[in-house]
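Source file: data.txt. Holds: compact mmCIF, C-alpha atoms.
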# COMPACT_ATOMS: atom_id res chain seq x y z
CA MET A 386 134.01 26.54 113.61
CA GLY A 387 135.57 27.65 116.86
CA SER A 388 136.21 31.07 118.18
CA ALA A 389 139.62 32.51 118.78
CA ALA A 390 140.84 33.40 122.24
CA PRO A 391 144.13 34.82 123.43
CA SER A 392 147.14 32.83 124.48
CA ARG A 393 147.62 32.26 128.18
CA ALA A 394 151.36 32.38 127.89
CA PRO A 395 152.51 34.65 125.04
CA ARG A 396 156.19 34.38 124.31
CA ALA A 397 158.27 37.44 123.50
CA GLU A 398 161.05 36.80 121.01
CA PRO A 399 164.44 37.70 122.53
CA PRO A 400 165.34 40.62 120.21
CA LEU A 401 161.85 42.11 120.47
CA ALA A 402 161.89 41.74 124.24
CA ALA A 403 165.15 43.67 124.37
CA LEU A 404 163.68 46.33 122.11
CA ARG A 405 160.65 46.70 124.36
CA LEU A 406 162.93 47.27 127.34
CA LEU A 407 164.73 49.97 125.41
CA LEU A 408 161.52 51.72 124.36
CA ALA A 409 160.16 51.42 127.88
CA ALA A 410 163.28 53.08 129.22
CA LEU A 411 162.93 55.87 126.68
CA GLY A 412 159.24 56.19 127.52
CA LEU A 413 160.09 57.05 131.09
CA LEU A 414 161.87 60.12 129.83
CA LEU A 415 159.44 61.38 127.20
CA PRO A 416 157.63 64.71 127.63
CA GLY A 417 154.85 64.58 130.16
CA THR A 418 156.29 61.60 131.98
CA GLY A 419 158.82 63.28 134.21
CA ASP A 420 160.72 66.44 134.97
CA CYS A 421 163.14 66.02 132.07
CA GLN A 422 161.91 67.65 128.88
CA LEU A 423 163.17 67.24 125.34
CA HIS A 424 164.98 70.19 123.78
CA THR A 425 162.77 71.58 121.04
CA SER A 426 165.53 71.20 118.45
CA CYS A 427 166.43 67.64 119.43
CA GLY A 428 165.08 65.12 116.90
CA ILE A 429 165.44 61.95 118.98
CA GLN A 430 161.68 61.45 119.14
CA LYS A 431 161.47 61.45 115.33
CA CYS A 432 164.37 58.96 115.18
CA THR A 433 162.57 56.63 117.58
CA THR A 434 159.24 56.97 115.79
CA ASP A 435 160.87 56.08 112.47
CA PHE A 436 162.56 53.06 114.06
CA VAL A 437 159.23 51.81 115.39
CA SER A 438 157.72 52.28 111.92
CA PHE A 439 160.52 50.24 110.33
CA THR A 440 160.22 47.34 112.80
CA SER A 441 156.59 47.14 113.91
CA HIS A 442 155.66 44.75 111.10
CA LEU A 443 158.66 42.40 111.53
CA ASN A 444 158.20 38.83 112.78
CA ALA A 445 161.18 37.31 114.62
CA ALA A 446 160.18 33.83 113.38
CA LEU A 447 160.73 34.75 109.74
CA GLU A 448 164.00 34.13 107.98
CA ASP A 449 164.80 37.71 106.93
CA PHE A 450 164.18 39.21 110.39
CA ASP A 451 167.86 39.78 111.28
CA LEU A 452 168.55 41.50 107.95
CA GLU A 453 165.65 43.94 108.26
CA PHE A 454 166.13 44.51 112.00
CA CYS A 455 169.81 45.39 111.52
CA LYS A 456 168.92 47.79 108.68
CA ALA A 457 166.48 49.55 111.00
CA LEU A 458 169.05 49.71 113.82
CA ARG A 459 171.66 51.25 111.50
CA ALA A 460 169.12 53.85 110.36
CA TYR A 461 168.32 54.59 114.01
CA SER A 462 172.04 54.96 114.76
CA VAL A 463 172.57 57.32 111.80
CA CYS A 464 169.63 59.43 112.92
CA THR A 465 170.96 59.75 116.47
CA TYR A 466 174.42 60.70 115.14
CA ARG A 467 172.90 63.51 113.09
CA ASN A 468 171.29 64.82 116.27
CA SER A 469 174.35 64.43 118.48
CA LYS A 470 175.07 68.15 118.81
CA VAL A 471 171.53 69.45 119.35
CA CYS A 472 170.68 66.58 121.70
CA ARG A 473 173.81 66.90 123.83
CA GLY A 474 172.87 66.56 127.49
CA ASN A 475 169.49 65.04 126.67
CA LEU A 476 168.92 61.87 128.72
CA VAL A 477 166.51 60.35 126.20
CA TYR A 478 169.11 60.76 123.45
CA HIS A 479 171.91 59.12 125.46
CA SER A 480 169.62 56.26 126.54
CA ALA A 481 168.78 55.63 122.89
CA VAL A 482 172.44 55.58 121.85
CA LEU A 483 173.31 53.05 124.56
CA GLY A 484 170.29 50.91 123.74
CA ILE A 485 171.09 50.86 120.02
CA GLY A 486 174.63 49.74 120.74
CA ASP A 487 173.43 46.90 122.96
CA LEU A 488 170.90 45.69 120.38
CA MET A 489 173.40 45.81 117.53
CA SER A 490 175.83 43.76 119.60
CA GLN A 491 173.14 41.21 120.51
CA ARG A 492 172.04 40.79 116.87
CA ASN A 493 175.61 40.83 115.49
CA CYS A 494 174.75 43.82 113.29
CA THR A 495 177.64 45.45 111.43
CA LYS A 496 177.99 49.22 111.71
CA ASP A 497 178.39 49.54 107.95
CA GLY A 498 175.67 48.31 105.62
CA PRO A 499 172.25 49.11 104.16
CA THR A 500 169.78 51.07 106.24
CA SER A 501 166.00 51.44 106.30
CA SER A 502 165.00 54.78 104.84
CA THR A 503 162.04 57.14 104.63
CA ASN A 504 163.60 58.79 101.57
CA PRO A 505 161.10 58.55 98.68
CA GLU A 506 163.92 58.60 96.15
CA MET A 507 165.56 55.52 97.61
CA THR A 508 165.40 52.47 95.37
CA HIS A 509 163.66 49.48 96.88
CA ASP A 510 164.26 45.78 96.34
CA PRO A 511 161.45 44.65 93.98
CA CYS A 512 161.88 41.10 95.26
CA ASN A 513 161.14 42.02 98.87
CA TYR A 514 157.39 42.15 99.55
CA SER A 515 157.74 44.46 102.56
CA GLY A 516 159.50 46.91 100.24
CA HIS A 517 156.47 46.93 97.93
CA THR A 518 154.31 48.50 100.64
CA GLU A 519 157.01 51.08 101.36
CA VAL A 520 157.06 52.10 97.69
CA ARG A 521 153.28 52.53 97.67
CA GLU A 522 153.53 54.63 100.84
CA HIS A 523 156.21 56.92 99.42
CA ARG A 524 154.45 57.37 96.08
CA GLY A 525 151.12 58.10 97.74
CA GLY A 526 152.64 60.59 100.14
CA GLU A 527 150.65 59.14 103.02
CA LYS A 528 151.59 56.58 105.63
CA THR A 529 149.91 53.24 105.00
CA PRO A 530 149.37 50.51 107.59
CA PRO A 531 151.67 47.47 107.45
CA PRO A 532 150.40 44.55 105.34
CA THR A 533 147.96 42.12 106.90
CA TYR A 534 149.18 38.53 107.05
CA LEU A 535 147.02 35.41 107.25
CA PHE A 536 147.74 31.89 108.50
CA CYS A 537 146.57 28.46 107.33
CA GLY A 538 147.53 25.07 108.78
CA LEU A 539 146.76 21.39 108.16
CA PHE A 540 147.66 18.47 110.42
CA GLY A 541 146.39 15.21 111.86
CA ASP A 542 143.24 13.46 110.65
CA PRO A 543 143.23 16.11 108.97
CA HIS A 544 142.42 19.25 110.94
CA LEU A 545 142.29 22.47 108.98
CA ARG A 546 142.74 26.01 110.23
CA THR A 547 141.65 28.37 107.46
CA PHE A 548 142.89 31.86 106.68
CA LYS A 549 139.76 33.11 108.49
CA ASP A 550 140.79 31.26 111.68
CA HIS A 551 137.96 28.75 111.24
CA PHE A 552 138.85 25.30 112.53
CA GLN A 553 137.49 22.23 110.76
CA THR A 554 138.05 18.48 110.70
CA CYS A 555 137.44 16.95 107.29
CA LYS A 556 137.54 13.73 105.29
CA VAL A 557 138.89 15.15 101.98
CA GLU A 558 140.34 11.86 100.73
CA GLY A 559 142.49 12.16 97.63
CA ALA A 560 143.98 15.32 96.12
CA TRP A 561 142.63 18.69 97.30
CA PRO A 562 143.81 22.30 96.72
CA LEU A 563 144.63 24.26 99.85
CA ILE A 564 145.71 27.40 97.98
CA ASP A 565 145.38 28.35 94.32
CA ASN A 566 145.96 32.04 93.59
CA ASN A 567 148.00 34.08 91.14
CA TYR A 568 151.21 33.59 93.11
CA LEU A 569 151.08 30.24 94.88
CA SER A 570 149.42 26.84 94.56
CA VAL A 571 149.43 24.22 97.30
CA GLN A 572 147.82 20.80 96.94
CA VAL A 573 147.68 17.94 99.43
CA THR A 574 146.86 14.27 98.94
CA ASN A 575 145.18 12.50 101.86
CA VAL A 576 144.74 8.78 102.45
CA PRO A 577 142.60 6.81 104.95
CA VAL A 578 144.29 6.37 108.32
CA VAL A 579 142.62 3.18 109.54
CA PRO A 580 140.15 0.74 107.93
CA GLY A 581 136.52 1.60 108.51
CA SER A 582 137.22 5.25 109.33
CA SER A 583 136.40 8.37 107.36
CA ALA A 584 139.44 10.09 108.85
CA THR A 585 142.39 10.65 106.53
CA ALA A 586 145.89 12.11 106.86
CA THR A 587 148.28 13.82 104.48
CA LYS A 588 150.81 11.71 102.60
CA LYS A 589 151.81 14.14 99.85
CA VAL A 590 152.25 17.91 99.49
CA THR A 591 152.87 19.81 96.25
CA VAL A 592 153.80 23.51 96.35
CA ILE A 593 154.09 25.65 93.20
CA PHE A 594 155.67 29.09 93.40
CA LYS A 595 154.57 30.79 90.19
CA SER A 596 157.03 32.84 88.18
CA TYR A 597 157.15 36.49 89.20
CA GLN A 598 158.97 39.26 87.34
CA ASP A 599 162.73 38.84 87.75
CA CYS A 600 162.42 37.43 91.26
CA THR A 601 161.94 33.77 90.39
CA ASP A 602 161.02 31.33 87.67
CA GLN A 603 158.29 28.84 88.47
CA LYS A 604 159.47 26.47 91.17
CA VAL A 605 157.77 23.22 92.16
CA TYR A 606 158.31 21.48 95.48
CA GLN A 607 156.99 18.02 96.26
CA ALA A 608 157.12 16.06 99.52
CA MET A 609 155.86 12.58 100.30
CA THR A 610 155.97 10.35 103.36
CA ASP A 611 159.62 9.38 103.97
CA ASP A 612 160.72 11.77 101.21
CA LEU A 613 160.95 15.34 102.48
CA PRO A 614 163.66 16.85 100.26
CA ALA A 615 165.51 20.08 100.88
CA ALA A 616 165.29 21.07 97.21
CA PHE A 617 162.78 21.77 94.48
CA VAL A 618 161.99 19.07 91.92
CA ASP A 619 164.58 20.56 89.55
CA GLY A 620 167.30 20.01 92.16
CA THR A 621 167.76 23.69 93.05
CA THR A 622 167.31 25.15 96.52
CA SER A 623 166.44 28.73 95.51
CA GLY A 624 164.78 30.82 92.85
CA GLY A 625 165.89 34.00 91.13
CA ASP A 626 169.22 35.66 91.76
CA GLY A 627 171.17 33.68 94.33
CA ASN A 628 172.38 36.91 95.94
CA THR A 629 168.88 38.23 96.69
CA ARG A 630 167.55 34.90 98.00
CA SER A 631 164.04 35.95 97.02
CA LEU A 632 162.97 32.29 97.30
CA HIS A 633 164.82 29.55 99.09
CA ILE A 634 164.48 26.33 101.10
CA VAL A 635 165.94 25.83 104.57
CA GLU A 636 166.29 22.30 105.97
CA LYS A 637 165.71 22.43 109.72
CA VAL A 638 165.71 18.69 110.48
CA SER A 639 166.99 16.34 107.82
CA GLY A 640 164.11 14.44 106.23
CA LYS A 641 161.64 15.70 108.85
CA TYR A 642 161.23 19.48 108.69
CA ILE A 643 161.80 22.10 105.98
CA GLU A 644 160.91 25.76 105.57
CA MET A 645 160.37 27.68 102.34
CA HIS A 646 160.78 31.46 102.40
CA ALA A 647 159.47 33.54 99.48
CA ARG A 648 160.52 37.14 100.21
CA TYR A 649 159.09 38.46 96.95
CA ILE A 650 155.55 37.54 98.06
CA GLY A 651 156.09 37.76 101.84
CA THR A 652 155.20 34.08 102.23
CA THR A 653 156.55 31.34 104.50
CA VAL A 654 155.73 27.62 104.28
CA TYR A 655 156.57 24.98 106.90
CA ILE A 656 156.33 21.26 106.10
CA ARG A 657 157.00 18.54 108.67
CA GLN A 658 156.81 14.76 108.79
CA LEU A 659 155.63 13.31 112.08
CA GLY A 660 155.15 9.56 112.11
CA HIS A 661 153.86 8.47 108.71
CA TYR A 662 152.14 11.72 107.77
CA LEU A 663 152.85 15.32 106.83
CA THR A 664 151.80 18.64 108.36
CA LEU A 665 151.69 22.04 106.69
CA ALA A 666 151.68 25.66 107.88
CA ILE A 667 151.53 28.78 105.70
CA ARG A 668 151.77 32.52 106.31
CA MET A 669 150.83 34.82 103.40
CA PRO A 670 149.78 38.47 102.87
CA GLN A 671 146.01 38.92 102.68
CA GLU A 672 146.09 40.87 99.43
CA LEU A 673 147.91 38.00 97.70
CA VAL A 674 145.69 35.32 99.26
CA MET A 675 142.68 37.03 97.70
CA ALA A 676 144.30 37.44 94.26
CA TYR A 677 142.51 34.62 92.43
CA GLU A 678 139.94 34.11 89.70
CA GLU A 679 136.36 33.01 90.25
CA SER A 680 137.20 29.60 88.79
CA GLN A 681 139.78 29.10 91.56
CA ASP A 682 137.30 29.25 94.45
CA LEU A 683 137.91 25.65 95.62
CA GLN A 684 140.64 26.43 98.12
CA LEU A 685 140.41 24.79 101.53
CA CYS A 686 142.55 27.45 103.20
CA VAL A 687 140.27 30.21 101.90
CA ASN A 688 136.76 28.72 101.99
CA GLY A 689 137.16 25.63 104.18
CA CYS A 690 136.03 22.11 103.40
CA PRO A 691 132.76 21.42 101.54
CA SER A 692 129.98 20.62 104.01
CA SER A 693 129.79 17.05 102.67
CA GLU A 694 133.42 16.54 103.70
CA ARG A 695 133.12 17.85 107.26
CA ILE A 696 133.53 15.46 110.20
CA ASP A 697 133.19 18.04 112.96
CA HIS A 698 129.95 19.78 113.83
CA SER A 699 130.51 23.55 113.69
CA GLY A 700 133.98 23.13 115.17
CA HIS A 701 132.89 20.53 117.77
CA LEU A 702 134.76 17.24 117.56
CA PRO A 703 132.72 14.14 118.54
CA LEU A 704 134.42 12.50 121.51
CA PRO A 705 133.42 9.34 123.39
CA VAL A 706 130.72 9.65 126.03
CA MET A 707 130.48 6.84 128.58
CA GLY A 708 132.69 4.63 126.44
CA LYS A 709 130.77 5.18 123.19
CA LEU A 710 131.43 7.48 120.30
CA LEU A 711 128.96 10.08 119.21
CA PRO A 712 127.74 9.14 115.72
CA TRP A 713 129.68 10.66 112.84
CA GLY A 714 129.30 8.40 109.83
CA ALA A 715 131.63 5.61 108.88
CA ALA A 716 134.27 6.49 111.48
CA ALA A 717 132.23 5.35 114.46
CA HIS A 718 134.48 2.37 115.25
CA PRO A 719 138.07 3.49 115.79
CA LEU A 720 140.75 0.84 116.08
CA SER A 721 142.46 2.40 119.07
CA GLU A 722 143.56 1.06 122.42
CA TYR A 723 143.26 4.51 123.97
CA THR A 724 140.35 5.36 126.22
CA LEU A 725 139.12 8.91 126.61
CA GLU A 726 140.98 9.12 129.92
CA THR A 727 144.31 7.78 128.65
CA ALA A 728 144.14 9.85 125.46
CA THR A 729 143.43 12.97 127.50
CA THR A 730 146.39 12.24 129.77
CA LYS A 731 148.69 11.61 126.80
CA CYS A 732 147.77 14.85 125.05
CA HIS A 733 148.02 16.82 128.29
CA GLU A 734 151.72 15.88 128.49
CA LYS A 735 152.48 18.27 125.61
CA MET A 736 149.54 20.67 125.62
CA LEU A 737 148.49 22.25 128.89
CA VAL A 738 145.80 24.49 127.39
CA LYS A 739 142.62 22.60 126.50
CA ASP A 740 142.02 24.36 123.21
CA ILE A 741 141.00 22.88 119.87
CA TYR A 742 144.54 21.58 119.29
CA PHE A 743 144.31 19.60 122.52
CA TYR A 744 140.93 18.12 121.57
CA SER A 745 142.21 17.35 118.07
CA CYS A 746 145.02 15.38 119.69
CA VAL A 747 142.53 13.41 121.79
CA PHE A 748 140.33 12.79 118.75
CA ASP A 749 143.28 11.53 116.68
CA LEU A 750 144.50 9.17 119.40
CA LEU A 751 141.03 7.69 119.81
CA THR A 752 140.66 7.33 116.05
CA THR A 753 144.08 5.91 115.17
CA GLY A 754 145.89 4.81 118.32
CA ASP A 755 149.00 6.41 116.81
CA ALA A 756 150.89 8.48 119.41
CA ASN A 757 152.65 10.42 116.62
CA PHE A 758 149.48 12.44 116.22
CA THR A 759 150.19 13.92 119.65
CA ALA A 760 153.43 15.36 118.31
CA ALA A 761 151.60 16.54 115.17
CA ALA A 762 149.07 18.56 117.18
CA HIS A 763 151.81 20.03 119.38
CA SER A 764 153.95 20.99 116.37
CA ALA A 765 150.92 22.50 114.65
CA LEU A 766 150.41 24.77 117.64
CA GLN A 767 154.11 25.71 117.62
CA ASP A 768 153.79 26.66 113.94
CA VAL A 769 150.83 28.88 114.82
CA GLU A 770 152.93 30.64 117.45
CA ALA A 771 155.73 31.15 114.92
CA LEU A 772 153.67 32.29 111.92
CA HIS A 773 150.27 33.53 113.01
CA PRO A 774 150.34 37.35 113.09
CA SER A 775 147.99 37.78 116.10
CA LYS A 776 149.01 36.34 119.45
CA GLU A 777 145.53 36.85 120.84
CA HIS A 778 144.24 34.38 118.24
CA TRP A 779 146.76 31.59 118.69
CA HIS A 780 144.39 29.42 120.69
CA ILE A 781 140.92 28.47 119.48
CA PHE A 782 138.41 27.03 121.91
CA PRO A 783 135.40 24.89 120.95
CA ARG A 784 132.09 26.68 121.14
CA SER A 785 129.72 26.01 124.01
CA GLY A 786 126.19 24.83 123.35
CA GLY A 787 125.00 22.07 121.05
CA GLY A 788 127.05 19.45 122.82
CA GLY A 789 130.25 21.39 122.57
CA VAL A 790 133.19 20.41 124.72
CA GLY A 791 134.15 23.87 125.92
CA LYS A 792 133.32 27.53 126.04
CA ASP A 793 134.31 30.54 124.05
CA ARG A 794 137.03 32.22 126.05
CA LYS A 795 138.45 35.68 125.85
CA PHE A 796 141.19 37.13 127.93
CA PHE A 797 141.96 40.78 128.15
CA PHE A 798 145.36 42.04 129.21
CA SER A 799 145.52 45.66 130.26
CA LEU A 800 149.04 47.00 130.23
CA GLY A 801 149.86 50.60 131.12
CA PHE A 802 152.72 52.22 129.29
CA LEU A 803 154.22 55.66 129.75
CA CYS A 804 155.12 56.05 126.08
CA LEU A 805 152.94 56.19 122.97
CA ILE A 806 155.85 54.88 120.95
CA PHE A 807 156.07 51.79 123.11
CA VAL A 808 152.34 51.15 122.70
CA ALA A 809 152.60 51.64 118.95
CA TYR A 810 155.38 49.11 118.68
CA LEU A 811 153.45 46.46 120.63
As structure tokens, how would this structure be written, given the file I've shared?
Amino acid sequence: MGSAAPSRAPRAEPPLAALRLLLAALGLLLPGTGDCQLHTSCGIQKCTTDFVSFTSHLNAALEDFDLEFCKALRAYSVCTYRNSKVCRGNLVYHSAVLGIGDLMSQRNCTKDGPTSSTNPEMTHDPCNYSGHTEVREHRGGEKTPPPTYLFCGLFGDPHLRTFKDHFQTCKVEGAWPLIDNNYLSVQVTNVPVVPGSSATATKKVTVIFKSYQDCTDQKVYQAMTDDLPAAFVDGTTSGGDGNTRSLHIVEKVSGKYIEMHARYIGTTVYIRQLGHYLTLAIRMPQELVMAYEESQDLQLCVNGCPSSERIDHSGHLPLPVMGKLLPWGAAAHPLSEYTLETATTKCHEKMLVKDIYFYSCVFDLLTTGDANFTAAAHSALQDVEALHPSKEHWHIFPRSGGGGVGKDRKFFFSLGFLCLIFVAYL
């Protein structure tokens, strides 16, 4: 098990970067930051605070981002219009109006359409998970924090990142459940990679979206090596009402990469084929991840691999020392033409940070000799950056001590902002 450390090069999504510039500009003009003061009757600060509340939980990598972001922008625009008379001559107000117009143009948002709302009487889409939390907030009368999302990924020989951000390398040959809760089941089937090795890789993935109210009937998706369909097993590409798109499949690269978006449970699934094997990445709300019975406790994403199936030693991958492998059972004789030096060079071409994904790449090359595992490790890290909710936990570094290959690392970025709203949004 490794420890999480922050990314060295966090990437701001374009629309969010533009938003941050807008909020920063507004922050320069908030009370206490300059000579210009807000008129007491001007409600622009409330408009901006509501906008931050509507958008702070959004993830630009998710499929419904544009829809929700445009709804929030329209609500922001309506709020500023209502304050146009009392805020006349207020620089913060006029900066907000200009910024909203620029963002709506950039995101191709229409001026007419649904808006985000703080009105408790407003009806919410029951097949939109983010709307569920809003309903609870309105009914309770108190503001609740945005839902917590968790990430799980599987790639390579295979390497597992659990919902708790624990990183493990396992044997797990045959069929194993990654997730099995009241809303979603995911099972993978792994096969040996090379003769004489305990290492396996994923050849089959089965995903079951369980029926939920009027949002979707049960839908089953199945992928195998060289058969990565863009439809469920019944031939459909969506569940529920086609207009709401509460569950649907998006084909990103024909036969190589698909995404499944389940709005009604706030869940996203990525499946890729790289070389002869499959990779998997999942983002799901914590409260749904934990919604399972005691009999469903064998879930690799939740509890990790059984100790008898572990290849790594507390997150430390055994790598060659002086041309010999550290002992780790039956996989001590890899059929690979890579040396530690050439494998390190190969992996460094795609991954500059020597985190656990980098060392997994080296391990896989030494074990299999298959260069496709380099792309698998790199894609797995890209999926983390797209789906993992915490940028500071994207990279995991092997623990020091006990023969570990690295040190726990933690970076702290101290950014000064002139606006509490801007800080809240970040």
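A straight line drawn from CA of Ala445 (chain A) to CA of Glu636 (chain A) is 18.1 Å long.
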Checklist entry - If you count all atoms listed in the file, which residues fall within 8 Å of Lys604 (chain A), apart from same-chain ones fewer than 5 positions away, as an MDAnalysis selection string? => result chainID A and resid 593:596 617:619 624
Could you save the residues just selected, with C-alpha atoms, as an mmCIF file, keeping the file's coordinate frame?
data_model
loop_
_atom_site.group_PDB
_atom_site.id
_atom_site.type_symbol
_atom_site.label_atom_id
_atom_site.label_comp_id
_atom_site.auth_asym_id
_atom_site.auth_seq_id
_atom_site.Cartn_x
_atom_site.Cartn_y
_atom_site.Cartn_z
ATOM 1 C CA ILE A 593 154.090 25.650 93.200
ATOM 2 C CA PHE A 594 155.670 29.090 93.400
ATOM 3 C CA LYS A 595 154.570 30.790 90.190
ATOM 4 C CA SER A 596 157.030 32.840 88.180
ATOM 5 C CA PHE A 617 162.780 21.770 94.480
ATOM 6 C CA VAL A 618 161.990 19.070 91.920
ATOM 7 C CA ASP A 619 164.580 20.560 89.550
ATOM 8 C CA GLY A 624 164.780 30.820 92.850
#
Checklist entry - For the atom pair CA of His661 (chain A) and CA of His778 (chain A), what is the interatomic distance in Å to one decimal place? => result 29.2 Å
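Using all atoms listed in the file for every distance, the candidate list A:Asn688, A:Thr601, A:Ser582, A:Thr621 yields A:Asn688 as the residue closest to His551 (chain A).
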Next on the checklist: Show me the residues close to (166.4, 19.3, 104.0) - anything with an atom within 10 Å, counting only C-alpha atoms - and format the list as a PyMOL selection string.
Outcome noted: chain A and resi 612-616+622+634-644
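Between CA of Val571 (chain A) and CA of Phe748 (chain A) the separation is 26.0 Å.
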